[in-house]
$ cat coords.tsv   # TSV, C-alpha atoms
chain	number	residue	atom	x	y	z
A	1	GLY	CA	79.81	75.55	35.30
A	2	GLN	CA	79.47	73.80	38.59
A	3	GLN	CA	82.52	73.26	40.71
A	4	VAL	CA	82.80	70.78	43.51
A	5	GLN	CA	85.70	71.11	45.92
A	6	GLN	CA	86.36	68.04	48.01
A	7	SER	CA	88.71	67.83	50.97
A	8	PRO	CA	90.95	66.41	52.15
A	9	THR	CA	92.59	64.81	49.14
A	10	SER	CA	93.86	61.97	51.26
A	11	LEU	CA	93.51	60.92	54.86
A	12	VAL	CA	95.31	58.35	56.98
A	13	LEU	CA	93.72	57.21	60.21
A	14	GLN	CA	94.33	54.67	62.87
A	15	GLU	CA	91.57	52.17	63.30
A	16	GLY	CA	88.93	53.55	65.65
A	17	GLU	CA	89.49	57.21	64.77
A	18	ASN	CA	86.81	59.36	63.18
A	19	ALA	CA	86.95	60.86	59.70
A	20	GLU	CA	85.32	64.00	58.36
A	21	LEU	CA	85.14	64.51	54.62
A	22	GLN	CA	83.96	67.80	53.15
A	23	CYS	CA	82.46	68.95	49.90
A	24	ASN	CA	81.76	72.52	48.84
A	25	PHE	CA	79.90	73.42	45.71
A	26	SER	CA	79.70	76.63	43.76
A	27	THR	CA	76.14	76.72	42.45
A	28	SER	CA	72.63	75.84	43.52
A	29	LEU	CA	72.03	72.16	43.76
A	30	ASN	CA	69.17	69.73	43.56
A	31	SER	CA	70.83	67.09	45.68
A	32	MET	CA	74.13	65.75	46.90
A	33	GLN	CA	75.34	62.16	46.71
A	34	TRP	CA	78.26	60.42	48.34
A	35	PHE	CA	79.88	57.41	46.69
A	36	TYR	CA	82.46	54.85	47.67
A	37	GLN	CA	84.67	53.72	44.84
A	38	ARG	CA	85.84	50.14	44.99
A	39	PRO	CA	89.46	49.32	44.02
A	40	GLY	CA	88.16	47.96	40.71
A	41	GLY	CA	86.52	51.31	39.99
A	42	SER	CA	82.82	50.63	40.48
A	43	LEU	CA	80.80	53.12	42.50
A	44	ILE	CA	78.58	52.31	45.43
A	45	SER	CA	76.08	54.91	46.52
A	46	VAL	CA	76.64	55.70	50.19
A	47	PHE	CA	74.15	58.51	50.66
A	48	TYR	CA	71.60	60.36	48.57
A	49	ASN	CA	71.15	63.46	50.66
A	50	PRO	CA	69.39	66.52	49.22
A	51	SER	CA	69.45	68.32	52.57
A	52	GLY	CA	69.72	67.79	56.28
A	53	THR	CA	71.33	64.90	58.07
A	54	LYS	CA	71.16	61.21	57.28
A	55	GLN	CA	72.73	58.37	59.19
A	56	SER	CA	73.49	54.82	58.27
A	57	GLY	CA	75.42	52.82	60.82
A	58	ARG	CA	78.75	54.53	61.43
A	59	LEU	CA	78.24	56.92	58.52
A	60	THR	CA	76.53	60.30	58.76
A	61	SER	CA	75.96	62.76	55.94
A	62	THR	CA	74.98	66.39	56.47
A	63	THR	CA	74.06	68.70	53.61
A	64	VAL	CA	73.51	72.41	54.25
A	65	ILE	CA	72.19	73.91	51.06
A	66	LYS	CA	72.39	77.55	52.18
A	67	GLU	CA	76.07	77.14	52.93
A	68	ARG	CA	76.64	75.04	49.79
A	69	ARG	CA	78.39	72.25	51.58
A	70	SER	CA	78.03	68.61	52.47
A	71	SER	CA	80.01	66.40	54.80
A	72	LEU	CA	80.50	62.70	55.36
A	73	HIS	CA	81.42	61.61	58.85
A	74	ILE	CA	82.80	58.14	59.50
A	75	SER	CA	82.92	57.21	63.14
A	76	SER	CA	85.08	54.50	64.68
A	77	SER	CA	86.83	53.85	61.39
A	78	GLN	CA	87.68	50.31	60.37
A	79	ILE	CA	90.29	48.94	58.01
A	80	THR	CA	87.53	47.96	55.60
A	81	ASP	CA	86.53	51.64	55.31
A	82	SER	CA	89.71	52.27	53.31
A	83	GLY	CA	89.12	53.40	49.76
A	84	THR	CA	88.11	56.44	47.76
A	85	TYR	CA	85.07	58.50	48.66
A	86	LEU	CA	83.53	60.81	46.11
A	87	CYS	CA	80.88	63.45	46.54
A	88	ALA	CA	78.75	64.50	43.61
A	89	MET	CA	76.36	67.39	43.36
A	90	GLU	CA	73.32	67.24	41.19
A	91	ASP	CA	72.11	70.44	39.61
A	92	MET	CA	68.58	71.37	38.62
A	93	GLY	CA	69.14	69.71	35.25
A	94	TYR	CA	69.91	66.37	36.96
A	95	LYS	CA	73.53	66.53	35.97
A	96	LEU	CA	76.04	65.10	38.46
A	97	THR	CA	79.35	66.85	38.95
A	98	PHE	CA	81.89	64.84	40.92
A	99	GLY	CA	84.42	66.04	43.42
A	100	THR	CA	88.03	64.94	43.06
A	101	GLY	CA	87.71	62.32	45.77
A	102	THR	CA	89.24	61.59	49.16
A	103	SER	CA	91.54	58.61	49.44
A	104	LEU	CA	91.09	57.15	52.92
A	105	LEU	CA	93.51	54.69	54.45
A	106	VAL	CA	92.75	53.17	57.82
A	107	ASP	CA	95.72	51.52	59.47
A	108	PRO	CA	95.44	48.80	62.10
B	1	GLY	CA	66.50	46.30	43.90
B	2	ALA	CA	67.63	48.42	41.02
B	3	LEU	CA	70.65	47.14	39.15
B	4	VAL	CA	72.66	48.45	36.24
B	5	TYR	CA	74.65	46.02	34.19
B	6	GLN	CA	77.51	47.13	32.00
B	7	TYR	CA	79.27	45.09	29.36
B	8	PRO	CA	82.12	44.45	28.82
B	9	ARG	CA	83.92	44.95	32.15
B	10	ARG	CA	87.29	45.36	30.48
B	11	THR	CA	88.38	45.83	26.94
B	12	ILE	CA	91.55	46.54	25.05
B	13	CYS	CA	91.58	48.04	21.61
B	14	LYS	CA	94.22	49.15	19.17
B	15	SER	CA	94.79	52.83	18.69
B	16	GLY	CA	92.51	54.17	15.96
B	17	THR	CA	89.88	51.46	16.31
B	18	SER	CA	86.47	51.70	17.92
B	19	MET	CA	84.74	49.89	20.69
B	20	ARG	CA	81.16	49.70	21.86
B	21	MET	CA	79.97	49.39	25.44
B	22	GLU	CA	76.53	48.58	26.72
B	23	CYS	CA	74.41	49.56	29.69
B	24	GLN	CA	71.32	47.69	30.80
B	25	ALA	CA	68.95	48.73	33.57
B	26	VAL	CA	67.67	45.56	35.21
B	27	GLY	CA	64.41	45.57	37.06
B	28	PHE	CA	63.44	49.14	36.27
B	29	GLN	CA	62.94	51.57	33.45
B	30	ALA	CA	65.34	54.45	33.58
B	31	THR	CA	64.05	57.97	33.04
B	32	SER	CA	67.56	59.07	32.23
B	33	VAL	CA	70.92	57.52	31.49
B	34	ALA	CA	74.23	59.28	31.96
B	35	TRP	CA	77.64	58.21	30.71
B	36	TYR	CA	80.73	59.20	32.67
B	37	ARG	CA	84.44	58.70	32.17
B	38	GLN	CA	87.15	58.55	34.81
B	39	SER	CA	90.50	59.06	33.16
B	40	PRO	CA	93.66	57.95	34.99
B	41	GLN	CA	94.30	60.12	38.07
B	42	LYS	CA	91.13	62.13	37.47
B	43	THR	CA	87.59	62.29	38.75
B	44	PHE	CA	84.50	61.40	36.80
B	45	GLU	CA	83.48	63.61	33.91
B	46	LEU	CA	80.04	63.59	32.40
B	47	ILE	CA	80.10	62.66	28.73
B	48	ALA	CA	76.42	62.89	27.93
B	49	LEU	CA	73.01	62.74	29.50
B	50	SER	CA	70.11	61.03	27.79
B	51	THR	CA	66.67	61.80	29.22
B	52	VAL	CA	63.41	60.25	28.15
B	53	ASN	CA	61.64	62.29	25.49
B	54	SER	CA	64.64	64.60	25.06
B	55	ALA	CA	67.62	64.70	22.76
B	56	ILE	CA	70.92	63.36	24.09
B	57	LYS	CA	72.92	66.22	25.53
B	58	TYR	CA	76.71	66.11	25.29
B	59	GLU	CA	79.03	67.98	27.59
B	60	GLN	CA	81.75	70.29	26.41
B	61	ASN	CA	84.78	68.32	25.16
B	62	PHE	CA	82.59	65.36	24.22
B	63	THR	CA	80.79	65.06	20.89
B	64	GLN	CA	78.33	62.76	19.26
B	65	GLU	CA	80.80	62.25	16.44
B	66	LYS	CA	83.32	60.76	18.87
B	67	PHE	CA	80.97	59.11	21.39
B	68	PRO	CA	77.75	58.19	19.61
B	69	ILE	CA	75.09	56.97	22.00
B	70	SER	CA	72.09	54.82	21.25
B	71	HIS	CA	69.19	54.82	23.70
B	72	PRO	CA	66.48	52.79	21.98
B	73	ASN	CA	64.35	52.12	25.07
B	74	LEU	CA	64.11	52.90	28.76
B	75	SER	CA	66.23	49.93	29.80
B	76	PHE	CA	69.15	49.94	27.39
B	77	SER	CA	71.83	52.33	26.25
B	78	SER	CA	75.04	51.83	24.33
B	79	MET	CA	77.95	54.11	23.64
B	80	THR	CA	80.75	53.71	21.14
B	81	VAL	CA	84.20	55.23	21.45
B	82	LEU	CA	85.17	55.93	17.87
B	83	ASN	CA	88.76	56.11	16.75
B	84	ALA	CA	90.09	55.51	20.25
B	85	TYR	CA	93.45	56.90	21.30
B	86	LEU	CA	95.48	56.92	24.50
B	87	GLU	CA	93.57	59.87	25.93
B	88	ASP	CA	90.37	57.82	25.75
B	89	ARG	CA	91.68	55.33	28.29
B	90	GLY	CA	89.76	55.08	31.51
B	91	LEU	CA	86.74	53.75	33.29
B	92	TYR	CA	83.42	54.41	31.62
B	93	LEU	CA	80.45	54.35	33.92
B	94	CYS	CA	76.80	54.31	33.04
B	95	GLY	CA	74.34	55.69	35.55
B	96	ALA	CA	70.62	55.14	35.29
B	97	ARG	CA	67.97	57.00	37.20
B	98	LEU	CA	64.62	55.69	38.33
B	99	GLY	CA	62.23	58.59	38.47
B	100	TYR	CA	63.31	62.21	38.89
B	101	GLN	CA	63.96	62.41	42.60
B	102	ASN	CA	65.97	59.30	43.07
B	103	THR	CA	69.56	58.34	43.24
B	104	LEU	CA	71.58	57.48	40.17
B	105	TYR	CA	72.41	53.77	40.03
B	106	PHE	CA	75.76	53.02	38.49
B	107	GLY	CA	76.97	49.97	36.69
B	108	ALA	CA	80.35	48.46	37.49
B	109	GLY	CA	81.87	50.21	34.50
B	110	THR	CA	83.79	49.32	31.37
B	111	ARG	CA	87.52	49.81	31.65
B	112	LEU	CA	89.06	50.74	28.32
B	113	SER	CA	92.73	50.32	27.56
B	114	VAL	CA	94.17	51.54	24.28
B	115	LEU	CA	97.36	50.08	22.82

$ encode --input "coords.tsv" --output "structure tokens"
Amino acid sequence: GQQVQQSPTSLVLQEGENAELQCNFSTSLNSMQWFYQRPGGSLISVFYNPSGTKQSGRLTSTTVIKERRSSLHISSSQITDSGTYLCAMEDMGYKLTFGTGTSLLVDP
Amino acid sequence: GALVYQYPRRTICKSGTSMRMECQAVGFQATSVAWYRQSPQKTFELIALSTVNSAIKYEQNFTQEKFPISHPNLSFSSMTVLNAYLEDRGLYLCGARLGYQNTLYFGAGTRLSVL
């Protein structure tokens, strides 16, 4: 079955630093999504990115299908960026497989 | 915008009893609905995927006998956790998709505790 490797597992930054989160997947994919998980558990879609680069404010997602990887870049991190980020790959059958998540803590 | 409503947000049940959770797509008709579980200290696992005009497909380790799902129309789905035990604890998320090339919209989840 599909495997999604997400790194790093956790990351601690000082406010203002940049963060780079990575996801690697083992099989062909239809698309890649990045989610932010709130402390209560609910998921917020950050990016739906089948391929290429997308930017939204301080967040940039790049998916390179040939290399089976996707990244989420957070620039000028803020305390409010703290939380868990999950990548999820969608296969040709529209099934989402989640990575194990990156726990990000931004210190003042 | 698209919204997925899940009910209840939290529930506690006694070991061996069952509980039902609901998922409602608001403002759109979902072409597919997926149920996920996040067990403590783990990532999300797909339980089952229900696609319009297709049978509900369960993932390995999850069965219809344990997690029966009802998907009577394109806006509503419910799932029951039968005979719940400690290992069934976790956050159950419902994701609904609008169309086939769109993002999955998730509800806020139902958090199940088992005593």

$ interface_residues --input "coords.tsv" --of "chain B" --to "chain A" --cutoff "8 Å" --atoms "only C-alpha atoms" --output "ChimeraX atom specification"
/B:42-46,49,91,93,102-103,105-109

$ residues_around --input "coords.tsv" --residues "A:Glu20" --least-positions-apart "3" --cutoff "12 Å" --atoms "all atoms listed in the file" --output "MDAnalysis selection string"
chainID A and resid 6:13 17 23 58:62 70:77 85 102 104

$ atom_distance --input "coords.tsv" --atom1 "atom CA of A:Lys54" --atom2 "atom CA of A:Arg69"
14.4 Å

$ atom_distance --input "coords.tsv" --atom1 "atom CA of B:Ser50" --atom2 "atom CA of B:Asn73"
11.0 Å

$ residues_near_point --input "coords.tsv" --point "(92.8, 54.6, 26.8)" --cutoff "9 Å" --atoms "only C-alpha atoms" --output "PyMOL selection string"
chain B and resi 12-13+15+39-40+84-91+111-115

$ residues_around --input "coords.tsv" --residues "A:Arg68" --least-positions-apart "4" --cutoff "12 Å" --atoms "all atoms listed in the file" --output "list of chain:residue names"
A:Gln2, A:Gln3, A:Val4, A:Gln5, A:Gln22, A:Cys23, A:Asn24, A:Phe25, A:Ser26, A:Thr27, A:Ser28, A:Leu29, A:Asn30, A:Ser31, A:Met32, A:Pro50, A:Ser51, A:Gly52, A:Thr62, A:Thr63, A:Val64, A:Met89

$ residues_around --input "coords.tsv" --residues "B:Phe28" --least-positions-apart "4" --cutoff "12 Å" --atoms "all atoms listed in the file" --output "list in words"
Gly1, Ala2, Leu3, Val4, Tyr5, Gln24, Ser32, Asn73, Leu74, Ser75, Phe76, Ala96, Arg97, Leu98, Gly99 and Tyr105 of chain B

$ write_last_selection --input "coords.tsv" --atoms "C-alpha atoms" --output "short mmCIF file (atom, residue, chain, number, x, y, z; two decimals), keeping the file's coordinate frame"
data_model
loop_
_atom_site.label_atom_id
_atom_site.label_comp_id
_atom_site.auth_asym_id
_atom_site.auth_seq_id
_atom_site.Cartn_x
_atom_site.Cartn_y
_atom_site.Cartn_z
CA GLY B 1 66.50 46.30 43.90
CA ALA B 2 67.63 48.42 41.02
CA LEU B 3 70.65 47.14 39.15
CA VAL B 4 72.66 48.45 36.24
CA TYR B 5 74.65 46.02 34.19
CA GLN B 24 71.32 47.69 30.80
CA SER B 32 67.56 59.07 32.23
CA ASN B 73 64.35 52.12 25.07
CA LEU B 74 64.11 52.90 28.76
CA SER B 75 66.23 49.93 29.80
CA PHE B 76 69.15 49.94 27.39
CA ALA B 96 70.62 55.14 35.29
CA ARG B 97 67.97 57.00 37.20
CA LEU B 98 64.62 55.69 38.33
CA GLY B 99 62.23 58.59 38.47
CA TYR B 105 72.41 53.77 40.03
#

$ residues_around --input "coords.tsv" --residues "A:Ser82" --least-positions-apart "3" --cutoff "9 Å" --atoms "only C-alpha atoms" --output "PyMOL selection string"
chain A and resi 77-79+103-107

$ residues_around --input "coords.tsv" --residues "B:Lys57" --least-positions-apart "4" --cutoff "10 Å" --atoms "all atoms listed in the file" --output "list of chain:residue names"
B:Ala34, B:Ile47, B:Ala48, B:Leu49, B:Ser50, B:Thr51, B:Phe62, B:Thr63, B:Gln64

$ atom_distance --input "coords.tsv" --atom1 "atom CA of B:Val33" --atom2 "atom CA of B:Cys94"
6.9 Å
